[in-house]
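The structure appears right after this line, and notes come after that.
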There are 2 protein chains.
Amino acid sequence: MKNLVYSFSEAFGLSKDLLGGKGFGLVQMQNMGLPVPPGFIITTEACREYYENNKAISENLKNQILSQILNLEKITNKKLYRKNEKSDTVPLFLSARSGAKVSMPGMMDTILNIGITDESHKFLMVNTADLQFANSVYLRFLQMFADVYAGINKDDFCKAFENSNSFEEKIKKAKEYYKKKSGKEFPEDPYEQLFLAIEAVFKSFNNERAKYYRKINNIPEDSGTAVTIQMMVFGNYKENSGTGVAFTRNPSNGEKKFFGEYLINAQGEDVVAGIRTPSSIENLKNEMPDVYKQFEDSANKLENHFSDMQDIEFTIEKGKLYILQTRSAKRSPEAAVKIALDLAKEGKISEQESLNYVSDSQIQGLLHSKFNLEALKNAKIICKGLPASPGAAVGKAVFDSKKAQKYHENNEKIILIRQETSPEDIESMAISEGVLTVHGGMTSHAAIVARGMGKCCVSGCEDILINNNSFICNKNKININEGDYISIDGTSGNVYLGKIELENLKFSDNFLKFLKVAKKYGKIKVMANADNYQSVKNAVLVGADGIGLCRTEHMFFEKDRINFMREMIISQTLEERQKALEKLFEFQKKDFLNMFIESNGIPVTIRLLDPPLHEFLPKNNQEFEKLAQDLKISKKYIEDIAKNLYEFNPMMGHRGCRLLISYPEIAEMQVKAIISAAIEASKKINKLITPEIMVPLVGDVNEIKFLKKIIINIADKIIKENNFKINYKIGTMIEVPRAAFMADKIASEVDFFSFGTNDLTQMTFGFSRDDAQKFLKKYYENNIYNFDPFMNIDITGVGELIKIAIKLGRQANKNLKIGVCGEHAGDSKSIEFFKTLDIDYVSCSPFRVPGAILAASR
Amino acid sequence: MKNLVYSFSEAFGLSKDLLGGKGFGLVQMQNMGLPVPPGFIITTEACREYYENNKAISENLKNQILSQILNLEKITNKKLYRKNEKSDTVPLFLSARSGAKVSMPGMMDTILNIGITDESHKFLMVNTADLQFANSVYLRFLQMFADVYAGINKDDFCKAFENSNSFEEKIKKAKEYYKKKSGKEFPEDPYEQLFLAIEAVFKSFNNERAKYYRKINNIPEDSGTAVTIQMMVFGNYKENSGTGVAFTRNPSNGEKKFFGEYLINAQGEDVVAGIRTPSSIENLKNEMPDVYKQFEDSANKLENHFSDMQDIEFTIEKGKLYILQTRSAKRSPEAAVKIALDLAKEGKISEQESLNYVSDSQIQGLLHSKFNLEALKNAKIICKGLPASPGAAVGKAVFDSKKAQKYHENNEKIILIRQETSPEDIESMAISEGVLTVHGGMTSHAAIVARGMGKCCVSGCEDILINNNSFICNKNKININEGDYISIDGTSGNVYLGKIELENLKFSDNFLKFLKVAKKYGKIKVMANADNYQSVKNAVLVGADGIGLCRTEHMFFEKDRINFMREMIISQTLEERQKALEKLFEFQKKDFLNMFIESNGIPVTIRLLDPPLHEFLPKNNQEFEKLAQDLKISKKYIEDIAKNLYEFNPMMGHRGCRLLISYPEIAEMQVKAIISAAIEASKKINKLITPEIMVPLVGDVNEIKFLKKIIINIADKIIKENNFKINYKIGTMIEVPRAAFMADKIASEVDFFSFGTNDLTQMTFGFSRDDAQKFLKKYYENNIYNFDPFMNIDITGVGELIKIAIKLGRQANKNLKIGVCGEHAGDSKSIEFFKTLDIDYVSCSPFRVPGAILAASR
């Protein structure tokens with residue numbers, strides 16, 4: 001018979017996969033001599049067996065559990081009551097807790113106080129002389145069991161017995177309601193309670209919110225959960241008992257100082273659920289100095305043992321400390337960076353190891369916006385809560401998860417406002433800009449989840465009163481209705497009226513320091529996509545190795561030049577077009593000049609015009625009229641041109657190099673602007689700029705041959721005219737599948753390749769990103785796709801094309817520089833794949849550069 | 001020094017590449033003892049040298065020519081006059097004719113009567129006592145030289161001297177006009193005339209019409225032309241002289257009987273140009289029995305020697321026959337088929353060789369339409385001409401090549417009407433439905449070119465009078481203006497008023513016999529695309545091995561069902577949708593039933609619904625209103641749905657298997673209809689039908705897995721319900737690049753692959769066929785592409801993907817059937833490529849099946 005159950009001592013040396021995170025931690029702690037309540041672990045393998053066995057507990061598993069119970073009774077000198085237990089037997093109460101290999105905080109279920117019956121309740125009443133405690137133990141079990149095992153709504157359940165005259169009547173009514181709702185008698189036998197509780201925990205692995213959590217966190221579906229059975233210790237047993245949660249460092253800013261909260265005379269999840277607002281762990285030092293000392297020792301031991309900041313749950317029963325759980329603590333992005341640096345400095349981990357201490361989403365979180373300081377001066381504060389997860393957010397007030405979904409579908413930004421959040425709110429939190437709760441502390445559900453998501457959160461804002469779809473602030477009587485804009489600041493805890501302008505990104509010193517460490521270990525270079533000097537500045541700041549993609553068309557959309565662009569488009573002769581292009585030239589040159597100056601000599605890759613011309617034309621009647629007026633030509637004339645430029649499938653239309661081949665004068669103007677600007681910038685910063693000119697959408701070597709000739713002609717002419725020698729490079733994007741198969745011929749003509757994986761993905765799959773969302777949802781639901789190919793690179797198809805292109809390209813041109821500049825260039829999962837290829841760099845938006853640097857370094 | 005010039009005797013054994021087609025034929029003829037005027041050949045190599053030598057005749061070449069002239073003077077006992085030649089010297093006159101390796105009839109230039117000067121003219125006047133002849137020789141040379149060498153417009157040139165009082169004045173004025181236009185003196189020295197004429201012929205290789213001809217016929221640009229220099233023989237020398245053209249068989253119907261025309265007292269190109277209407281070759285038998293006998297012997301010898309029907313030019317000078325040229329004759333598609341069969345039957349060629357005697361374009365020509373006989377009963381005949389190239393055509397009357405282009409650009413069908421056509425008209429002939437000429441016989445330029453193009457032509461319709469952009473019929477005074485519809489019948493020579501309905505294709509017995517021969521040698525199978533039972537019938541008739549693609553969506557567009565389709569689309573619930581689908585089911589089943597019955601047991605492959613749903617919705621306001629009325633719902637409601645279905649890039653949108661995954665009930669309905677129909681048809685024709693169900697646009701194995709389950713469920717259910725066992729196959733189209741890379745996994749799930757090369761080409765190149773035409777023109781102009789990837793398969797990219805898919809597919813599934821069903825499946829050049837791959841079949845439109853059978857057999 002397979003061993004599926006282990007006592008904490010037996011389990012030492014077994015893997016986290018088998019024991020689950022929670023169990024694994026307990027085993028480690030017991031082995032370290034820390035005070036954990038005795039217990040045993042039913043392994044994840046037992047969970048998988050349970051599912052394979054048609055959701056039934058096998059005889060083998062049952063027997064092993066029973067044998068562990070006997071053992072536990074021996075150790076604790078308590079007993080799980082049977083019918084007619086002797087009245088002086090000390091009753092054993094148990095907790096059954098979930099614990100998967102990867103932590104899914106709050107997603108799965110727990111049942112406490114297993115073993116309470118009329119008999120053991122009587123024992124508690126008699127022996128503790130604390131009637132409230134005894135009753136609370138009983139009622140809590142009834143509630144939890146009804147909720148977790150039978151899925152009975154908590155509020156309804158409580159209502160069913162709230163108007164009772166006696167405790168006995170309460171119990172009676174509760175059990176009757178349970179029977180009515182579930183169709184079954186409430187289990188009076190502690191053993192039955194235990195086995196049903198174990199099943200409930202197994203089943204909770206597959207509840208909707210757990211599935212969703214696994215999906216957004218890429219956790220495998222078939223891993224299963226372990227169940228940890230432990231002797232209950234009671235924090236709600238009089239005043240010298242309590243329960244708390246503490247972090248070994250500050251999870252908001254990473255400061256090396258305990259950070260936590262506790263509640264006296266409270267049980268279980270009271271702290272986490274945020275129903276009562278708790279005291280700071282600092283108070284414990286004064287209130288129970290011995291306990292605090294014990295806790296401090298344990299916490300330090302744990303952090304050293306696990307080489308990471310810990311999130312520790314503890315209970316104090318009659319003045320004795322028990323550690324219930326330890327795990328690596330969730331932390332804010334800022335904290336993660338500081339802790340990674342500090343742990344390395346403290347010598348607890350190596351510098352290279354420290355790179356694994358900051359996650360991708362934390363990096364993203366670090367790049368969250370802040371409010372513009374000027375705008376903040378005039379902002380009206382509605383109220384103030386706890387700064388639960390840093391960042392700033394602006395959106396419409398929404399009070400309901402379902403409505404949040406509706407707003408989201410209409411592309412509206414929202415702030416989710418809740419009394420407190422529960423695991424059911426995860427989906428709506430994910431689509432909100434930020435979260436505001438009335439109750440709950442810094443370690444409440446809302447706070448933990450928001451920090452994990454790198455999302456702004458203000459919690460415990462007790463000053464507001466929610467009434468259906470609006471709230472009113474007690475102090476100043478400001479009223480906010482659903483759909484009203486508010487702004488929240490998770491760093492200060494402030495809640496503001498209306499929309500407040502968000503600031504451009506700023507990076508902390510710690511963050512930049514951390515990025516420098518990461519760059520030391522980088523396996524490929526990381527460049528940034530940037531279309532203006534401000535972005536170049538940001539890119540240089542975060543350590544980008546260059547600008548891998550400047551989309552010149554972005555420069556044409558700006559207000560002061562769009563009309564010249566349109567003038568160019570509606571030109572009917574080469575002369576007219578060149579006249580309009582000359583006006584655009586001045587703008588382009590200035591833009592490039594500023595970019596080159598900011599670049600300070602790192603490579604800058606400029607892509608020639610890519611989108612189809614119709615994208616620049618007016619979109620509605622009013623705009624057509626205005627343009628006609630501005631250009632002093634008939635509206636009909638412009639409309640005819642627009643009609644002529646119309647395309648059935650613009651994605652596969654007259655764009656990229658095709659456009660430049662049709663209108664070489666556009667390429668000529670752009671090259672002239674690039675080279676002139678590079679020469680001027682070289683003189684100004686006294687460093688030779690080597691611009692890299694990139695031709696988009698090449699699918700045939702003759703396309704690049706044709707354009708290369710034009711580029712060289714103009715570039716060399718400008719260089720000669722200026723009598724100032726600079727070098728320049730010519731490259732091409734590889735973004736249509738055919739280019740991969742012609743990569744050898746193309747490589748012989750160019751200095752570099754840059755894979756445009758967005759387009760390449762579209763062409764390879766044969767669907768456009770804009771249109772695909774309509775049907776991809778169904779694909780995910782039916783597990784046809786298990787990833788979004790526009791987020792993570794598709795290794796099967798797109799990856800294979802990239803490999804072919806690299807192989808052919810390198811064969812033909814040993815000096816070829818190869819990069820990736822699609823959306824995937826900033827995705828760490830995709831970077832994992834790119835690292836296995838022979839490429840030189842990735843280039844992504846500045847916002848994603850830090851994450852890419854980190855991914856490239858691992 | 002390289003030998004660049006050969007006398008006919010010296011040239012025997014040299015290649016056609018070197019001698020050009022015309023020269024090669026003359027050398028063969030001289031060697032066979034046939035009467036050819038003596039002469040020599042300047043090789044194609046000399047032409048290439050001329051171009052490499054900056055368009056100058058090298059000393060070496062000049063000397064070789066001069067030496068050949070000496071030789072020729074010796075043989076003929078005539079002399080090329082020099083200044084002050086003795087008046088009793090018999091003057092040698094020469095022709096300089098072009099002749100490339102591949103015949104380009106009428107595309108390049110010829111100059112006759114070289115050697116005429118005032119002195120030699122005097123000799124002719126005196127010695128022939130035929131003033132008109134002597135003058136005509138002189139004037140013709142002046143005209144031809146001015147036209148060909150100096151590019152002076154013929155009509156203008158003639159006008160310059162038409163009002164002269166004497167022949168001397170004519171000559172004087174002509175030479176003055178020549179000098180005025182060309183800036184040079186007219187060459188009075190026969191040697192100068194000769195060398196300039198040779199240069200003119202060299203240059204004519206690169207005139208615009210020759211270039212265009214080479215382009216549309218895929219003839220290499222660098223091959224060059226040879227120049228054949230021959231002693232002139234004069235068909236215009238009194239009444240017992242003449243000139244003619246004859247074919248060894250009938251070029252219209254292939255009958256084994258001389259077919260040709262001659263003109264008495266005519267020179268050079270008079271017959272071909274169609275200016276005078278000539279007599280039939282049969283007349284020659286009576287008029288000059290000896291000459292006819294000589295001709296008959298020569299013609300038979302030539303056909304036997306070249307194993308092909310010959311097109312022979314001859315001249316009779318003073319009762320003596322000269323053969324000027326022989327070549328494989330252009331022939332109508334019908335004739336080509338009959339001649340191929342006959343030559344094989346006569347044992348002149350093998351059966352397999354006969355397959356090369358019918359070209360792709362001839363096969364296309366055979367598939368030209370005929371008029372509907374019923375419609376013809378009420379048709380009004382305007383006039384009647386010669387049945388110069390068979391077929392029927394309907395279009396708007398256009399009288400001008402440039403206008404023809406305009407109409408064509410507006411997608412209007414046209415009939416080109418000309419006095420007579422000349423090589424300048426080739427482009428406009430190519431874009432016309434048919435050609436009507438006033439002058440010219442069955443061997444006129446219009447007739448020959450139209451037959452080559454497989455295009456309908458009525459020539460020599462002398463009864464009409466063209467007046468700018470209209471014509472009037474002399475007999476009945478019917479007036480036709482530009483833009484009026486007319487219909488012409490190239491088989492009968494009739495010209496009809498207005499549009500006459502065209503008949504479905506009919507195939508001659510010879511044609512079907514020829515296809516049977518071809519099928520014997522077929523290397524891959526040829527299937528047909530067919531969407532209705534009529535097409536299935538045609539497909540079976542021409543010997544298709546099956547139906548490789550039935551596009552089910554075509555069935556939904558028909559009037560009686562489009563509204564049910566729309567009802568289905570605007571359904572908001574599954575129930576509504578299923579109700580509408582049930583109505584469609586009846587139609588589908590009936591369609592499939594008829595197709596299966598017609599198929600008579602050959603495989604029928606049915607593709608499930610492919611296009612995005614919005615394609616079925618109304619296109620304009622009126623249609624929306626009508627639909628709203630018909631379905632009794634608000635117009636706004638339907639418009640909202642249409643808006644919702646809008647796609648940015650429908651080609652890359654919600655279509656193919658994506659649609660079926662979103663709405664499995666559509667697939668279910670179609671499978672139900674296919675299987676029910678197959679069972680019913682099996683019973684009816686007493687043969688087991690095995691339908692092949694094809695899923696479009698698959699790019700991931702999970703897509704086909706998902707749909708396969710649905711297909712099998714329904715199919716097996718229907719089979720069980722009917723208690724009638726049939727087999728069915730499930731396959732997939734490979735038309736997105738990603739499918740190629742997943743082909744192994746996909747192949748494990750299916751019975752067959754069908755490459756959809758249209759979509760695969762679009763995705764691989766990254767452009768849509770509809771939009772690409774805008775920029776591809778520039779690509780052809782700049783030689784960026786030298787073929788249209790939607791016509792001929794792209795071997796570099798698309799071909800490579802196909803190879804990958806075949807390799808992976810075959811590895812995973814040994815029994816996999818593989819075919820191609822894109823546009824390329826009917827293109828013989830593409831089939832050449834497909835034959836090199838391990839595929840089982842191609843499937844194209846029935847119209848293209850015969851061509852594909854032929855291509856597959858070669």
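So you can find residues: chains in the structure tokens are A, B, ... in the order shown, residues in each start at 1, and ligands are numbered from 1 in order.
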Interface rows for chain A against chain B: nearest pair, Å to one decimal, 9 Å, only C-alpha atoms, as JSON lines:
{"residue": "A:Tyr646", "atom": "CA", "partner": "B:Asp771", "partner_atom": "CA", "distance": 8.8}
{"residue": "A:Glu647", "atom": "CA", "partner": "B:Asp771", "partner_atom": "CA", "distance": 5.9}
{"residue": "A:Phe648", "atom": "CA", "partner": "B:Asp771", "partner_atom": "CA", "distance": 6.6}
{"residue": "A:Asn649", "atom": "CA", "partner": "B:Asn649", "partner_atom": "CA", "distance": 4.4}
{"residue": "A:Pro650", "atom": "CA", "partner": "B:Asn649", "partner_atom": "CA", "distance": 6.6}
{"residue": "A:Met651", "atom": "CA", "partner": "B:Asn649", "partner_atom": "CA", "distance": 6.5}
{"residue": "A:Met652", "atom": "CA", "partner": "B:Phe767", "partner_atom": "CA", "distance": 4.0}
{"residue": "A:Gly653", "atom": "CA", "partner": "B:Asp771", "partner_atom": "CA", "distance": 5.5}
{"residue": "A:His654", "atom": "CA", "partner": "B:Phe775", "partner_atom": "CA", "distance": 6.7}
{"residue": "A:Arg658", "atom": "CA", "partner": "B:Phe775", "partner_atom": "CA", "distance": 6.6}
{"residue": "A:Leu659", "atom": "CA", "partner": "B:Phe775", "partner_atom": "CA", "distance": 7.7}
{"residue": "A:Ile661", "atom": "CA", "partner": "B:Lys778", "partner_atom": "CA", "distance": 7.6}
{"residue": "A:Ser662", "atom": "CA", "partner": "B:Phe775", "partner_atom": "CA", "distance": 6.6}
{"residue": "A:Leu697", "atom": "CA", "partner": "B:Gly766", "partner_atom": "CA", "distance": 8.3}
{"residue": "A:Gly699", "atom": "CA", "partner": "B:Phe765", "partner_atom": "CA", "distance": 6.2}
{"residue": "A:Asp700", "atom": "CA", "partner": "B:Ile784", "partner_atom": "CA", "distance": 7.9}
{"residue": "A:Val701", "atom": "CA", "partner": "B:Ile784", "partner_atom": "CA", "distance": 8.3}
{"residue": "A:Asn702", "atom": "CA", "partner": "B:Ile784", "partner_atom": "CA", "distance": 5.0}
{"residue": "A:Glu703", "atom": "CA", "partner": "B:Ile784", "partner_atom": "CA", "distance": 6.2}
{"residue": "A:Lys705", "atom": "CA", "partner": "B:Ile784", "partner_atom": "CA", "distance": 8.8}
{"residue": "A:Phe706", "atom": "CA", "partner": "B:Ile784", "partner_atom": "CA", "distance": 7.7}
{"residue": "A:Glu735", "atom": "CA", "partner": "B:Gly766", "partner_atom": "CA", "distance": 8.5}
{"residue": "A:Val736", "atom": "CA", "partner": "B:Gly766", "partner_atom": "CA", "distance": 5.5}
{"residue": "A:Pro737", "atom": "CA", "partner": "B:Thr764", "partner_atom": "CA", "distance": 4.9}
{"residue": "A:Arg738", "atom": "CA", "partner": "B:Gly797", "partner_atom": "CA", "distance": 4.7}
{"residue": "A:Ala739", "atom": "CA", "partner": "B:Gly797", "partner_atom": "CA", "distance": 7.7}
{"residue": "A:Ala740", "atom": "CA", "partner": "B:Gly797", "partner_atom": "CA", "distance": 8.0}
{"residue": "A:Phe741", "atom": "CA", "partner": "B:Gly797", "partner_atom": "CA", "distance": 5.5}
{"residue": "A:Met742", "atom": "CA", "partner": "B:Thr796", "partner_atom": "CA", "distance": 6.9}
{"residue": "A:Asp759", "atom": "CA", "partner": "B:Gly766", "partner_atom": "CA", "distance": 8.7}
{"residue": "A:Leu760", "atom": "CA", "partner": "B:Gly766", "partner_atom": "CA", "distance": 8.9}
{"residue": "A:Gln762", "atom": "CA", "partner": "B:Met652", "partner_atom": "CA", "distance": 8.0}
{"residue": "A:Met763", "atom": "CA", "partner": "B:Met763", "partner_atom": "CA", "distance": 5.0}
{"residue": "A:Thr764", "atom": "CA", "partner": "B:Pro737", "partner_atom": "CA", "distance": 4.9}
{"residue": "A:Phe765", "atom": "CA", "partner": "B:Arg738", "partner_atom": "CA", "distance": 5.6}
{"residue": "A:Gly766", "atom": "CA", "partner": "B:Met652", "partner_atom": "CA", "distance": 5.3}
{"residue": "A:Phe767", "atom": "CA", "partner": "B:Met652", "partner_atom": "CA", "distance": 4.0}
{"residue": "A:Ser768", "atom": "CA", "partner": "B:Met652", "partner_atom": "CA", "distance": 5.3}
{"residue": "A:Arg769", "atom": "CA", "partner": "B:Met652", "partner_atom": "CA", "distance": 8.9}
{"residue": "A:Asp770", "atom": "CA", "partner": "B:Phe648", "partner_atom": "CA", "distance": 7.0}
{"residue": "A:Asp771", "atom": "CA", "partner": "B:Gly653", "partner_atom": "CA", "distance": 5.5}
{"residue": "A:Ala772", "atom": "CA", "partner": "B:Gly653", "partner_atom": "CA", "distance": 6.3}
{"residue": "A:Lys774", "atom": "CA", "partner": "B:His654", "partner_atom": "CA", "distance": 7.4}
{"residue": "A:Phe775", "atom": "CA", "partner": "B:Ser662", "partner_atom": "CA", "distance": 6.6}
{"residue": "A:Leu776", "atom": "CA", "partner": "B:Arg658", "partner_atom": "CA", "distance": 8.5}
{"residue": "A:Lys778", "atom": "CA", "partner": "B:Ser662", "partner_atom": "CA", "distance": 6.6}
{"residue": "A:Tyr779", "atom": "CA", "partner": "B:Ile661", "partner_atom": "CA", "distance": 7.9}
{"residue": "A:Asn782", "atom": "CA", "partner": "B:Phe706", "partner_atom": "CA", "distance": 8.3}
{"residue": "A:Asn783", "atom": "CA", "partner": "B:Asn702", "partner_atom": "CA", "distance": 7.9}
{"residue": "A:Ile784", "atom": "CA", "partner": "B:Asn702", "partner_atom": "CA", "distance": 5.0}
{"residue": "A:Tyr785", "atom": "CA", "partner": "B:Asn702", "partner_atom": "CA", "distance": 7.6}
{"residue": "A:Thr796", "atom": "CA", "partner": "B:Phe741", "partner_atom": "CA", "distance": 6.4}
{"residue": "A:Gly797", "atom": "CA", "partner": "B:Arg738", "partner_atom": "CA", "distance": 4.7}
{"residue": "A:Val798", "atom": "CA", "partner": "B:Arg738", "partner_atom": "CA", "distance": 7.3}
{"residue": "A:Glu800", "atom": "CA", "partner": "B:Phe741", "partner_atom": "CA", "distance": 7.4}
{"residue": "A:Leu801", "atom": "CA", "partner": "B:Phe741", "partner_atom": "CA", "distance": 8.9}
Find the residues near Lys708 of chain B: any atom within 9 Å, counting only C-alpha atoms, skip ones fewer than 6 places away on the same chain, and give them as a compact mmCIF listing (two decimals) with N, CA and C atoms, in the first residue's frame.
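What landed in part.txt:
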# COMPACT_ATOMS: atom_id res chain seq x y z
N VAL B 695 -12.12 20.33 -43.00
CA VAL B 695 -12.19 21.44 -42.06
C VAL B 695 -11.21 22.52 -42.51
N ILE B 730 -12.22 12.34 -42.71
CA ILE B 730 -12.10 13.69 -42.17
C ILE B 730 -10.72 14.22 -42.53
N GLU B 749 -4.41 13.04 -36.76
CA GLU B 749 -5.84 13.11 -36.46
C GLU B 749 -6.71 12.96 -37.71
N VAL B 750 -6.13 13.07 -38.90
CA VAL B 750 -6.97 13.17 -40.10
C VAL B 750 -6.59 12.15 -41.17
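For Gly756 of chain B, the residues within 7 Å (counting only C-alpha atoms, excluding itself and residues fewer than 6 positions away along the chain) are B:Met733, B:Ile734, B:Glu735, B:Val820, B:Cys821, B:Gly822.
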Mind dumping the selected residues with all heavy atoms as an mmCIF file, in the first residue's frame?
data_model
loop_
_atom_site.group_PDB
_atom_site.id
_atom_site.type_symbol
_atom_site.label_atom_id
_atom_site.label_comp_id
_atom_site.auth_asym_id
_atom_site.auth_seq_id
_atom_site.Cartn_x
_atom_site.Cartn_y
_atom_site.Cartn_z
ATOM 1 N N MET B 733 -7.746 21.465 -44.371
ATOM 2 C CA MET B 733 -6.965 22.282 -45.278
ATOM 3 C C MET B 733 -5.729 22.751 -44.529
ATOM 4 O O MET B 733 -5.765 23.003 -43.337
ATOM 5 C CB MET B 733 -7.793 23.465 -45.761
ATOM 6 C CG MET B 733 -8.958 22.995 -46.597
ATOM 7 S SD MET B 733 -9.698 24.312 -47.572
ATOM 8 C CE MET B 733 -8.358 24.730 -48.670
ATOM 9 N N ILE B 734 -4.646 22.845 -45.277
ATOM 10 C CA ILE B 734 -3.415 23.423 -44.716
ATOM 11 C C ILE B 734 -3.271 24.753 -45.447
ATOM 12 O O ILE B 734 -2.907 24.799 -46.617
ATOM 13 C CB ILE B 734 -2.202 22.513 -44.982
ATOM 14 C CG1 ILE B 734 -2.427 21.115 -44.405
ATOM 15 C CG2 ILE B 734 -0.936 23.149 -44.422
ATOM 16 C CD1 ILE B 734 -2.356 20.992 -42.913
ATOM 17 N N GLU B 735 -3.615 25.822 -44.765
ATOM 18 C CA GLU B 735 -3.623 27.113 -45.449
ATOM 19 C C GLU B 735 -3.131 28.253 -44.576
ATOM 20 O O GLU B 735 -3.069 29.388 -45.018
ATOM 21 C CB GLU B 735 -5.010 27.419 -46.019
ATOM 22 C CG GLU B 735 -6.139 27.199 -45.056
ATOM 23 C CD GLU B 735 -7.526 27.294 -45.699
ATOM 24 O OE1 GLU B 735 -7.662 27.896 -46.773
ATOM 25 O OE2 GLU B 735 -8.477 26.775 -45.094
ATOM 26 N N VAL B 820 -3.723 19.518 -53.371
ATOM 27 C CA VAL B 820 -3.654 20.979 -53.419
ATOM 28 C C VAL B 820 -4.966 21.472 -54.006
ATOM 29 O O VAL B 820 -5.408 20.954 -55.033
ATOM 30 C CB VAL B 820 -2.501 21.447 -54.341
ATOM 31 C CG1 VAL B 820 -2.526 22.960 -54.495
ATOM 32 C CG2 VAL B 820 -1.159 20.988 -53.803
ATOM 33 N N CYS B 821 -5.606 22.430 -53.355
ATOM 34 C CA CYS B 821 -6.864 22.900 -53.942
ATOM 35 C C CYS B 821 -6.945 24.421 -54.095
ATOM 36 O O CYS B 821 -8.022 24.968 -54.214
ATOM 37 C CB CYS B 821 -8.069 22.370 -53.178
ATOM 38 S SG CYS B 821 -8.306 23.102 -51.577
ATOM 39 N N GLY B 822 -5.798 25.077 -54.122
ATOM 40 C CA GLY B 822 -5.836 26.522 -54.381
ATOM 41 C C GLY B 822 -5.858 26.804 -55.871
ATOM 42 O O GLY B 822 -5.932 25.894 -56.701
#
Every residue of segment 741-777 of chain B that DSSP places in strand (DSSP E or B), as number ranges by chain: B: 752-755
Near-Gln28 of chain A list (12 Å; only C-alpha atoms; drop same-chain fewer than 6 positions) as number ranges by chain: A: 8-16, 19, 21-22, 34-36, 301-302, 305-306, 323-327
I need the chosen residues saved as a PDB file, in the first residue's frame, with C-alpha atoms.
ATOM      1  CA  PHE A   8       5.301  16.001  10.629  1.00  0.00           C
ATOM      2  CA  SER A   9       8.317  14.022  11.897  1.00  0.00           C
ATOM      3  CA  GLU A  10       7.906  11.270   9.309  1.00  0.00           C
ATOM      4  CA  ALA A  11       7.583  13.818   6.533  1.00  0.00           C
ATOM      5  CA  PHE A  12      10.980  15.434   6.962  1.00  0.00           C
ATOM      6  CA  GLY A  13      12.958  15.150   3.752  1.00  0.00           C
ATOM      7  CA  LEU A  14       9.911  14.771   1.533  1.00  0.00           C
ATOM      8  CA  SER A  15       9.308  17.262  -1.255  1.00  0.00           C
ATOM      9  CA  LYS A  16       7.143  20.356  -1.332  1.00  0.00           C
ATOM     10  CA  LEU A  19       3.513  17.973   1.110  1.00  0.00           C
ATOM     11  CA  GLY A  21       3.768  24.549   0.673  1.00  0.00           C
ATOM     12  CA  LYS A  22       2.013  24.790   4.009  1.00  0.00           C
ATOM     13  CA  LEU A  34       9.911  25.643  16.495  1.00  0.00           C
ATOM     14  CA  PRO A  35       6.606  25.454  18.319  1.00  0.00           C
ATOM     15  CA  VAL A  36       4.106  24.056  15.839  1.00  0.00           C
ATOM     16  CA  LYS A 301      15.421  31.415  12.363  1.00  0.00           C
ATOM     17  CA  LEU A 302      12.833  30.986   9.638  1.00  0.00           C
ATOM     18  CA  HIS A 305      16.514  28.918   7.028  1.00  0.00           C
ATOM     19  CA  PHE A 306      14.509  29.764   3.941  1.00  0.00           C
ATOM     20  CA  ILE A 323       3.649  28.998  14.707  1.00  0.00           C
ATOM     21  CA  LEU A 324       0.889  27.845  12.382  1.00  0.00           C
ATOM     22  CA  GLN A 325       2.414  28.577   9.047  1.00  0.00           C
ATOM     23  CA  THR A 326       5.378  30.133   7.358  1.00  0.00           C
ATOM     24  CA  ARG A 327       5.880  30.957   3.744  1.00  0.00           C
TER      25      ARG A 327
END
